[in-house]
Structures are given as C-alpha cells and as structure tokens.
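Listing of entry.csv; format and content: CSV, C-alpha atoms and all ligand atoms.
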chain,number,residue,atom,x,y,z
A,1412,MET,CA,14.7,5.9,-5.4
A,1413,THR,CA,17.0,8.9,-4.9
A,1414,GLY,CA,19.7,7.7,-7.3
A,1415,THR,CA,22.5,7.7,-4.8
A,1416,ASP,CA,24.1,4.6,-3.4
A,1417,LEU,CA,23.5,4.2,0.3
A,1418,LEU,CA,25.6,1.2,0.8
A,1419,VAL,CA,28.8,0.4,-1.0
A,1420,VAL,CA,30.8,-2.7,-0.1
A,1421,ARG,CA,34.2,-3.3,-1.7
A,1422,GLY,CA,36.4,-6.3,-1.4
A,1423,LEU,CA,34.9,-7.2,2.0
A,1424,ALA,CA,36.4,-10.3,3.7
A,1425,ALA,CA,35.4,-11.7,7.1
A,1426,GLY,CA,35.1,-14.9,9.0
A,1427,TYR,CA,35.2,-16.6,12.4
A,1428,GLY,CA,38.6,-16.9,14.0
A,1429,ALA,CA,41.0,-18.2,11.4
A,1430,ALA,CA,38.3,-19.5,9.1
A,1431,PRO,CA,37.5,-17.2,6.2
A,1432,VAL,CA,33.9,-17.1,5.1
A,1433,LEU,CA,33.4,-13.9,3.1
A,1434,ARG,CA,35.9,-13.5,0.2
A,1435,ALA,CA,36.1,-10.2,-1.6
A,1436,ILE,CA,32.4,-9.2,-1.5
A,1437,ASP,CA,31.4,-6.3,-3.8
A,1438,LEU,CA,27.9,-4.9,-3.4
A,1439,THR,CA,26.1,-1.7,-4.1
A,1440,VAL,CA,22.6,-0.9,-2.8
A,1441,PRO,CA,21.0,2.4,-4.0
A,1442,ALA,CA,19.1,4.5,-1.5
A,1443,GLY,CA,15.4,3.7,-1.3
A,1444,THR,CA,15.7,0.2,-2.7
A,1445,ILE,CA,15.5,-3.4,-1.5
A,1446,ALA,CA,18.3,-5.8,-2.2
A,1447,ALA,CA,17.6,-9.5,-1.6
A,1448,VAL,CA,20.6,-11.7,-0.7
A,1449,VAL,CA,19.9,-15.3,-1.6
A,1450,GLY,CA,22.0,-18.5,-1.9
A,1451,ALA,CA,22.5,-22.0,-0.4
A,1452,ASN,CA,22.9,-22.8,3.2
A,1453,GLY,CA,26.3,-21.7,4.4
A,1454,ALA,CA,26.9,-19.4,1.5
A,1455,GLY,CA,27.7,-16.6,4.0
A,1456,LYS,CA,24.6,-14.5,3.9
A,1457,THR,CA,24.2,-14.2,7.7
A,1458,THR,CA,27.9,-13.6,8.0
A,1459,LEU,CA,27.6,-10.7,5.5
A,1460,LEU,CA,25.0,-9.0,7.7
A,1461,ARG,CA,27.1,-9.6,10.8
A,1462,ALA,CA,30.2,-8.0,9.1
A,1463,LEU,CA,28.2,-5.0,7.9
A,1464,SER,CA,26.7,-4.3,11.3
A,1465,GLY,CA,30.0,-4.7,13.2
A,1466,MET,CA,29.1,-8.0,15.0
A,1467,ILE,CA,32.2,-9.5,13.4
A,1468,ARG,CA,35.2,-7.5,12.3
A,1469,PRO,CA,36.1,-7.6,8.6
A,1470,THR,CA,39.6,-8.7,7.8
A,1471,ALA,CA,39.7,-6.7,4.6
A,1472,GLY,CA,37.7,-4.4,2.4
A,1473,GLN,CA,35.6,-1.3,2.8
A,1474,VAL,CA,32.0,-0.6,3.8
A,1475,LEU,CA,30.7,2.9,2.9
A,1476,LEU,CA,27.3,4.1,4.3
A,1477,ALA,CA,26.2,7.3,2.4
A,1478,GLY,CA,29.8,7.7,1.4
A,1479,GLU,CA,31.3,7.4,4.9
A,1480,ASP,CA,33.8,4.7,5.6
A,1481,LEU,CA,32.6,2.6,8.5
A,1482,ARG,CA,35.9,0.9,9.3
A,1483,GLY,CA,36.5,0.9,13.0
A,1484,THR,CA,33.2,2.5,13.8
A,1485,PRO,CA,31.8,1.2,17.2
A,1486,VAL,CA,28.5,-0.7,16.9
A,1487,GLU,CA,26.5,2.0,18.8
A,1488,GLN,CA,27.8,4.6,16.3
A,1489,LEU,CA,26.6,2.4,13.4
A,1490,VAL,CA,23.1,2.6,14.9
A,1491,ARG,CA,23.4,6.4,15.2
A,1492,ARG,CA,24.5,6.6,11.6
A,1493,GLY,CA,21.3,4.8,10.5
A,1494,MET,CA,22.1,1.1,10.4
A,1495,ALA,CA,19.7,-1.4,12.0
A,1496,HIS,CA,20.3,-5.1,12.1
A,1497,VAL,CA,17.4,-7.5,12.8
A,1498,PRO,CA,19.2,-10.8,13.3
A,1499,GLU,CA,17.8,-14.3,12.5
A,1500,GLY,CA,16.1,-15.6,15.7
A,1501,ARG,CA,14.7,-12.1,16.3
A,1502,GLY,CA,16.3,-11.1,19.6
A,1503,VAL,CA,13.1,-10.1,21.3
A,1504,ILE,CA,13.6,-9.8,25.1
A,1505,SER,CA,11.2,-12.4,26.5
A,1506,GLU,CA,10.9,-10.8,30.0
A,1507,LEU,CA,10.1,-7.3,28.7
A,1508,THR,CA,6.7,-6.2,27.5
A,1509,VAL,CA,6.0,-5.4,23.8
A,1510,ASP,CA,6.1,-1.7,24.7
A,1511,GLU,CA,9.4,-2.0,26.6
A,1512,ASN,CA,11.0,-3.9,23.8
A,1513,LEU,CA,9.9,-1.3,21.3
A,1514,ARG,CA,11.2,1.6,23.4
A,1515,LEU,CA,14.6,0.0,23.5
A,1516,GLY,CA,14.8,0.7,19.8
A,1517,GLY,CA,14.7,4.5,20.5
A,1518,LEU,CA,16.6,4.8,23.8
A,1519,TRP,CA,19.7,6.1,22.1
A,1520,ARG,CA,17.9,8.9,20.2
A,1521,ARG,CA,18.3,12.4,21.4
A,1522,ASP,CA,15.2,13.7,19.7
A,1523,ARG,CA,12.8,12.2,22.3
A,1524,ALA,CA,9.7,13.7,20.6
A,1525,ASP,CA,10.5,12.0,17.4
A,1526,ALA,CA,11.3,8.8,19.1
A,1527,GLY,CA,7.7,9.0,20.5
A,1528,ARG,CA,6.3,9.7,17.1
A,1529,ALA,CA,8.3,6.7,15.6
A,1530,LEU,CA,6.8,4.5,18.4
A,1531,ASP,CA,3.3,5.6,17.5
A,1532,GLU,CA,3.9,4.9,13.8
A,1533,VAL,CA,5.1,1.4,14.6
A,1534,TYR,CA,1.9,0.8,16.6
A,1535,GLN,CA,-0.1,2.0,13.6
A,1536,LEU,CA,1.9,-0.3,11.2
A,1537,PHE,CA,1.6,-3.4,13.5
A,1538,GLU,CA,-1.8,-3.4,14.9
A,1539,PRO,CA,-1.4,-6.7,16.7
A,1540,LEU,CA,1.5,-5.1,18.7
A,1541,ALA,CA,-0.7,-2.2,19.7
A,1542,ARG,CA,-3.3,-4.7,21.1
A,1543,ARG,CA,-0.6,-6.5,23.0
A,1544,ARG,CA,1.4,-3.6,24.4
A,1545,ARG,CA,1.5,-5.0,27.9
A,1546,HIS,CA,2.2,-8.6,26.9
A,1547,LEU,CA,5.6,-10.1,27.6
A,1548,GLY,CA,7.8,-11.1,24.8
A,1549,HIS,CA,7.5,-14.7,25.5
A,1550,GLN,CA,3.7,-14.6,25.3
A,1551,LEU,CA,3.8,-13.6,21.6
A,1552,SER,CA,3.5,-15.9,18.5
A,1553,GLY,CA,6.4,-16.3,16.1
A,1554,GLY,CA,4.8,-13.8,13.7
A,1555,GLU,CA,4.3,-11.3,16.5
A,1556,ARG,CA,7.9,-11.7,17.7
A,1557,GLN,CA,9.1,-11.0,14.1
A,1558,MET,CA,6.9,-7.9,14.0
A,1559,LEU,CA,8.3,-6.8,17.3
A,1560,ALA,CA,11.9,-7.2,16.2
A,1561,LEU,CA,11.2,-5.3,13.0
A,1562,GLY,CA,9.2,-2.7,14.9
A,1563,ARG,CA,12.0,-2.1,17.4
A,1564,ALA,CA,14.4,-1.5,14.5
A,1565,LEU,CA,12.0,1.0,12.9
A,1566,VAL,CA,11.6,3.0,16.2
A,1567,GLY,CA,15.2,4.0,15.6
A,1568,ARG,CA,14.3,5.4,12.1
A,1569,PRO,CA,17.1,3.6,10.3
A,1570,ARG,CA,18.2,4.5,6.8
A,1571,LEU,CA,19.5,1.0,6.2
A,1572,LEU,CA,17.7,-2.1,7.5
A,1573,LEU,CA,19.6,-5.4,7.6
A,1574,LEU,CA,17.1,-8.1,7.8
A,1575,ASP,CA,18.0,-11.7,8.3
A,1576,GLU,CA,15.4,-14.4,7.3
A,1577,PRO,CA,12.3,-12.5,8.3
A,1578,SER,CA,10.2,-15.4,6.9
A,1579,LEU,CA,11.8,-18.1,9.0
A,1580,GLY,CA,9.1,-20.3,10.6
A,1581,LEU,CA,6.2,-18.0,9.6
A,1582,ALA,CA,3.0,-18.9,7.8
A,1583,PRO,CA,2.9,-17.8,4.1
A,1584,ARG,CA,0.2,-15.2,4.9
A,1585,VAL,CA,2.5,-13.6,7.5
A,1586,VAL,CA,5.5,-13.7,5.1
A,1587,ALA,CA,3.4,-12.0,2.4
A,1588,ARG,CA,2.4,-9.3,4.9
A,1589,THR,CA,6.0,-8.7,6.0
A,1590,MET,CA,7.2,-8.4,2.4
A,1591,ALA,CA,4.4,-6.0,1.5
A,1592,LEU,CA,5.3,-3.9,4.5
A,1593,LEU,CA,8.9,-3.6,3.4
A,1594,ARG,CA,7.8,-2.4,0.1
A,1595,GLN,CA,5.4,0.1,1.7
A,1596,LEU,CA,8.3,1.4,3.9
A,1597,ARG,CA,10.6,1.7,0.9
A,1598,ASP,CA,8.0,3.7,-1.0
A,1599,SER,CA,6.7,5.9,1.8
A,1600,THR,CA,9.9,6.6,3.8
A,1601,GLY,CA,12.7,5.8,1.3
A,1602,LEU,CA,14.0,3.0,3.6
A,1603,THR,CA,16.8,0.9,2.1
A,1604,VAL,CA,16.8,-2.8,2.9
A,1605,LEU,CA,19.3,-5.6,2.6
A,1606,LEU,CA,17.2,-8.7,3.0
A,1607,VAL,CA,18.6,-12.2,3.5
A,1608,GLU,CA,16.2,-14.9,2.7
A,1609,GLN,CA,15.9,-18.6,2.1
A,1610,ASN,CA,12.5,-18.0,0.6
A,1611,VAL,CA,13.9,-16.9,-2.8
A,1612,ARG,CA,10.6,-16.4,-4.6
A,1613,SER,CA,9.2,-14.1,-1.9
A,1614,ALA,CA,12.4,-12.2,-1.6
A,1615,LEU,CA,12.8,-11.6,-5.4
A,1616,ALA,CA,9.1,-10.7,-5.6
A,1617,VAL,CA,9.7,-7.8,-3.2
A,1618,ALA,CA,13.2,-6.8,-4.1
A,1619,ASP,CA,14.6,-4.4,-6.6
A,1620,GLN,CA,18.0,-6.2,-6.8
A,1621,GLY,CA,18.8,-9.8,-6.4
A,1622,VAL,CA,22.2,-10.8,-5.0
A,1623,VAL,CA,23.2,-14.4,-5.2
A,1624,MET,CA,25.9,-15.7,-2.9
A,1625,SER,CA,27.8,-18.9,-3.1
A,1626,LEU,CA,30.8,-20.0,-1.0
A,1627,GLY,CA,31.4,-16.6,0.4
A,1628,ARG,CA,31.2,-14.7,-2.8
A,1629,VAL,CA,28.7,-12.7,-4.8
A,1630,VAL,CA,28.2,-14.7,-8.0
A,1631,ILE,CA,25.7,-12.4,-9.5
A,1632,ALA,CA,23.9,-9.2,-8.7
A,1633,ALA,CA,21.1,-8.2,-11.1
A,1634,PRO,CA,17.7,-6.6,-11.2
A,1635,ALA,CA,15.4,-8.9,-9.3
A,1636,ALA,CA,13.0,-8.9,-12.2
A,1637,GLN,CA,15.7,-10.3,-14.4
A,1638,LEU,CA,16.5,-13.1,-11.9
A,1639,ARG,CA,12.8,-13.9,-11.5
A,1640,ASP,CA,12.0,-14.0,-15.2
A,1641,ASP,CA,15.1,-15.2,-17.0
A,1642,VAL,CA,14.8,-19.0,-16.9
A,1643,ASP,CA,18.5,-19.5,-17.8
A,1644,LEU,CA,19.7,-17.2,-15.0
A,1645,ARG,CA,17.3,-18.9,-12.6
A,1646,HIS,CA,18.6,-22.4,-13.5
A,1647,ALA,CA,22.2,-21.3,-13.4
A,1648,TYR,CA,22.1,-19.5,-10.1
A,1649,LEU,CA,19.0,-20.4,-8.2
A,1650,GLY,CA,18.3,-24.0,-9.2
A,1651,PHE,CA,14.7,-23.6,-10.1
B,1701,LIG,N1,29.6,-18.4,14.8
B,1701,LIG,C1,30.2,-19.1,13.9
B,1701,LIG,N2,31.4,-19.7,14.1
B,1701,LIG,C2,32.1,-20.4,13.2
B,1701,LIG,N3,31.6,-20.6,11.9
B,1701,LIG,C3,30.4,-20.1,11.6
B,1701,LIG,C4,29.6,-19.3,12.6
B,1701,LIG,N4,28.5,-18.9,12.0
B,1701,LIG,C5,28.6,-19.4,10.7
B,1701,LIG,N5,29.7,-20.1,10.5
B,1701,LIG,C6,30.1,-20.7,9.2
B,1701,LIG,O1,30.2,-19.7,8.2
B,1701,LIG,C7,29.7,-20.2,7.0
B,1701,LIG,C8,28.6,-19.3,6.5
B,1701,LIG,O2,27.5,-19.3,7.4
B,1701,LIG,P1,26.3,-18.3,7.2
B,1701,LIG,O3,25.4,-18.5,8.4
B,1701,LIG,O4,26.9,-16.9,7.0
B,1701,LIG,O5,25.6,-18.8,5.9
B,1701,LIG,P2,24.2,-18.5,5.4
B,1701,LIG,O6,24.4,-18.3,3.9
B,1701,LIG,O7,23.6,-17.4,6.2
B,1701,LIG,O8,23.5,-19.9,5.6
B,1701,LIG,P3,22.1,-20.2,6.4
B,1701,LIG,O9,21.1,-19.8,5.5
B,1701,LIG,O10,22.3,-21.7,6.6
B,1701,LIG,O11,22.2,-19.4,7.7
B,1701,LIG,C9,29.2,-21.6,7.3
B,1701,LIG,O12,30.3,-22.5,6.8
B,1701,LIG,C10,29.1,-21.7,8.7
B,1701,LIG,O13,29.3,-23.0,9.2
Go ahead and express the file in the form of structure tokens.
Ligand SMILES: Nc1ncnc2c1ncn2[C@@H]1O[C@H](COP(=O)(O)OP(=O)(O)OP(=O)(O)O)[C@@H](O)[C@H]1O
Amino acid sequence: MTGTDLLVVRGLAAGYGAAPVLRAIDLTVPAGTIAAVVGANGAGKTTLLRALSGMIRPTAGQVLLAGEDLRGTPVEQLVRRGMAHVPEGRGVISELTVDENLRLGGLWRRDRADAGRALDEVYQLFEPLARRRRHLGHQLSGGERQMLALGRALVGRPRLLLLDEPSLGLAPRVVARTMALLRQLRDSTGLTVLLVEQNVRSALAVADQGVVMSLGRVVIAAPAAQLRDDVDLRHAYLGF
C-alpha cells in the first residue's frame, strides 16, 4: 500500500434516463488495495462501475483518479489515465483469437515495447491462454473467457481495475484462482481494484475494504476483516 488514495468519489449520482440509481455515493480506495463492493441485486453496483468508467454520465458529484478530476474526460482518455473496466459478461470478441483479443488491450499504448512485455506477462499469468493463443474467443470455456477479459485489461497496465462479477458462472476452484491472482497483482504491482461481487464471502476474503451498497447508496464502508468477522455487522448489512 502506498498510503495515497487512488480513487476518491464524492457525492456521485447517476442513472438511466430520468431514473436515478446512484444517490450521493462517497467512496475512497487507497492505492494498492482491493475494495469489494457488495449488496443485493439492483443495489447499483454495476451502475457504479459504469459511472466511474464513463459508460454512463454522472448527473452530480466528483470522481478523482490520483487527485485528477475526471469530469468530462472521454472514455479513451480514462483508459490512458490508467482505468480499466472489465464488465459483467466479459466482452470477449468471439470472432478474434485469444492473441488478437489480448493485443486489443494494448493497441492504444505508445510504448510498444512495454505493451509486448505486458502481453508476455499476461501469458505467464494465465497459462491456459498461452496454450490457446490461436483459438477463437467462442471456443473458450467460461473460465477462460473470464481470464481473457481480465488479461486484456492487464495488457494496458491499468492503475485501477474495475471488475464486475468475475466469479459469475465459474466453478469455485476457478473463482478461488481469480481471487488469488488479484491479491498477487496487488502485492506485486501495486494494482488497485474495485471488485463488484455477488459472492460476498470470496470478495471479502480477498479485499482490504468492504463497501456495502443498498438502494443506490453506500451504507457502510469498513475494513473487509471487520465485515467478515463482526457477526453483528454481518447480520445487519450482509444478511448472513
Ligand atoms: N441499462 C439500464 N437501463 C435502465 N435501468 C437499468 C439499467 N441497468 C440497470 N438498471 C437499473 O438500475 C438499478 C441498479 O442496477 P445495477 O445493475 O447497477 O445493480 P447491481 O447492484 O449491479 O445488481 P446486480 O447484481 O443484479 O447486477 C436496477 O434497478 C436496475 O433495474
């Protein structure tokens, strides 16, 4: 952990058309930490990631990345500033090979040599992808597609990874491997992660901070260990 806040969100509001979903979200994620956003279906977790990555335009509030206000920043600039969003459903391009999908993650980078190094690192991290370099996206299993989406984001060497439901539809073994990988990346590269998860136990096991959302608001943000271990807090906010 570096001790500085990479992501600071203040009073963020956003929604779809006239329907508000997020209402005055406040959130701080220190650099080099993992924050897990949990909460019931429809709480607004996915909408929060969309508002942060510019997929929908906030109607109020402020988002600071390393102290820089992101208001009005075009989506491609957000990527250049170090934000990578891996949406739910994964977004792998079925007609492209694994290698082509991964290379898309580094296309925008000026430092071609480092983009090549980042690609090699991703192949080292995800050995099944290395073995299936020439396979098409649609030939992969659910777990491999998840790896590919995550790998593509990592080829861009993000500072902040916004990850939506990486465990969706995956076997427990694959979920455990993905969570361990996030921890490894945090520890080895200082990656900062905002992780949206339905799988509350897995998410809190890997996270430094737990953020519970309900009805478009953050109802509690606390050290993940506290949310995991304090029975009263768990009952009050997580229902288990
Ligand atoms: N594209 C959309 N257009 C209109 N309303 C939407 C859209 N996407 C989500 N919503 C609504 O926004 C609210 C929050 O949804 P969101 O997907 O952010 O919640 P969530 O906490 O991620 O839940 P889930 O875990 O079910 O995905 C819900 O009421 C949902 O119906």
Go ahead and compute the interatomic distance for CA of Leu1571 (chain A) and CA of Leu1540 (chain A), in Å to one decimal. 22.7 Å
Residues of chain A that have any atom at most 10 Å from an atom of ligand LIG 1701 (chain B): could you tabulate them with the shortest-distance atom pair and the distance in Å to one decimal, using all atoms listed in the file, ordered by chain and increasing number, as a tab-separated table?
residue	atom	partner	partner_atom	distance
A:Ala1425	CA	B:LIG1701	O1	9.6
A:Gly1426	CA	B:LIG1701	O1	6.9
A:Tyr1427	CA	B:LIG1701	C2	5.0
A:Gly1428	CA	B:LIG1701	C2	7.4
A:Ala1429	CA	B:LIG1701	C2	9.3
A:Ala1430	CA	B:LIG1701	N3	7.3
A:Pro1431	CA	B:LIG1701	O1	8.0
A:Val1432	CA	B:LIG1701	O1	5.5
A:Leu1433	CA	B:LIG1701	C8	8.0
A:Val1448	CA	B:LIG1701	O6	8.9
A:Val1449	CA	B:LIG1701	O6	7.7
A:Gly1450	CA	B:LIG1701	O6	6.3
A:Ala1451	CA	B:LIG1701	O6	6.0
A:Asn1452	CA	B:LIG1701	O10	3.6
A:Gly1453	CA	B:LIG1701	O5	3.3
A:Ala1454	CA	B:LIG1701	O6	3.6
A:Gly1455	CA	B:LIG1701	O4	3.1
A:Lys1456	CA	B:LIG1701	O6	3.8
A:Thr1457	CA	B:LIG1701	O7	3.6
A:Thr1458	CA	B:LIG1701	O4	3.6
A:Leu1459	CA	B:LIG1701	O4	6.4
A:Leu1460	CA	B:LIG1701	O4	8.2
A:Arg1461	CA	B:LIG1701	O4	8.2
A:Ala1462	CA	B:LIG1701	O4	9.7
A:Ile1467	CA	B:LIG1701	N1	9.4
A:Glu1499	CA	B:LIG1701	O11	8.3
A:Asp1575	CA	B:LIG1701	O7	8.3
A:Glu1576	CA	B:LIG1701	O9	8.1
A:Val1607	CA	B:LIG1701	O7	7.7
A:Glu1608	CA	B:LIG1701	O9	7.5
A:Gln1609	CA	B:LIG1701	O9	6.3
A:Val1623	CA	B:LIG1701	O6	10.0
A:Met1624	CA	B:LIG1701	O6	7.4
A:Ser1625	CA	B:LIG1701	O6	7.8
A:Leu1626	CA	B:LIG1701	C8	7.8
A:Gly1627	CA	B:LIG1701	C8	7.2
With region 1435-1446 of chain A as the partner and 12 Å as the cut-off, tabulate the residues of region 1478-1591 of chain A that qualify, each row holding the nearest pair of atoms and their distance in Å to one decimal, using all atoms listed in the file, sorted by chain and rising number, as a Markdown table.
| residue | atom | partner | partner_atom | distance |
| --- | --- | --- | --- | --- |
| A:Gly1478 | CA | A:Thr1439 | CA | 11.5 |
| A:Pro1569 | CA | A:Gly1443 | CA | 11.7 |
| A:Arg1570 | CA | A:Ala1442 | CA | 8.3 |
| A:Leu1571 | CA | A:Ala1442 | CA | 8.5 |
| A:Leu1572 | CA | A:Ile1445 | CA | 9.4 |
| A:Leu1573 | CA | A:Ala1446 | CA | 9.9 |
| A:Leu1574 | CA | A:Ala1446 | CA | 10.3 |
| A:Met1590 | CA | A:Ile1445 | CA | 10.4 |
| A:Ala1591 | CA | A:Ile1445 | CA | 11.8 |
Work out how far CA of Arg1421 (chain A) is from CA of Asp1480 (chain A), in Å to one decimal. 10.8 Å
Have a look at CA of Ala1471 (chain A) and CA of Gln1620 (chain A) and let me know their distance in Å, one decimal.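 Between CA of Ala1471 (chain A) and CA of Gln1620 (chain A) the gap is 24.5 Å.
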I'd like the neighbourhood of Ala1495 (chain A) as number ranges by chain, where a residue qualifies if any of its atoms comes within 10 Å (using only C-alpha atoms), though same-chain residues fewer than 3 positions away should be ignored. A: 1464, 1489-1492, 1498, 1516, 1561, 1563-1565, 1567-1574, 1604
Can you list, as a PyMOL selection string, every protein, DNA or RNA residue that comes within 10 Å of region 1634-1637 of chain A when you count only C-alpha atoms, leaving out same-chain residues fewer than 4 positions away? chain A and resi 1445-1447+1614-1622+1641-1642+1644-1645
List the neighbours of Gly1562 (chain A) out to 10 Å using all atoms listed in the file; skip same-chain residues closer than 3 positions along the sequence, and give me the result as a VMD selection string. chain A and resid 1497 1509 1512 to 1514 1516 1529 to 1530 1532 to 1534 1536 to 1537 1540 1556 to 1559 1565 to 1568
Residue neighbourhood Ala1582 (chain A), 12 Å, only C-alpha atoms, exclusion window fewer than 2 positions, as a VMD selection string: chain A and resid 1552 to 1555 1557 1577 to 1580 1584 to 1589 1610
Spatial neighbours of Asp1510 (chain A), max dist 9 Å, all atoms listed in the file, sep filter under 6 positions, as a PDB file with C-alpha atoms, keeping the file's coordinate frame:
ATOM      1  CA  LEU A1530       6.800   4.500  18.400  1.00  0.00           C
ATOM      2  CA  LEU A1540       1.500  -5.100  18.700  1.00  0.00           C
ATOM      3  CA  ALA A1541      -0.700  -2.200  19.700  1.00  0.00           C
ATOM      4  CA  ARG A1543      -0.600  -6.500  23.000  1.00  0.00           C
ATOM      5  CA  ARG A1544       1.400  -3.600  24.400  1.00  0.00           C
ATOM      6  CA  ARG A1545       1.500  -5.000  27.900  1.00  0.00           C
ATOM      7  CA  HIS A1546       2.200  -8.600  26.900  1.00  0.00           C
ATOM      8  CA  LEU A1547       5.600 -10.100  27.600  1.00  0.00           C
TER       9      LEU A1547
END
May I ask which of the residues A:Asp1531, A:Phe1651, A:Thr1470, A:His1496 is the closest one to Leu1606 (chain A), counting only C-alpha atoms?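 Smallest separation from Leu1606 (chain A) among the options: A:His1496.
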Check the smallest atom-to-atom distance from each of A:Val1629, A:Leu1417, A:Leu1602, A:Ala1424 to Leu1476 (chain A) using all atoms listed in the file, then report the winner.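 Smallest distance to Leu1476 (chain A) is found for A:Leu1417.
If you measure from each of A:Glu1487, A:Gly1500, A:Ser1599, A:Arg1639 to Leu1518 (chain A) using all atoms listed in the file, the closest one turns out to be A:Glu1487.
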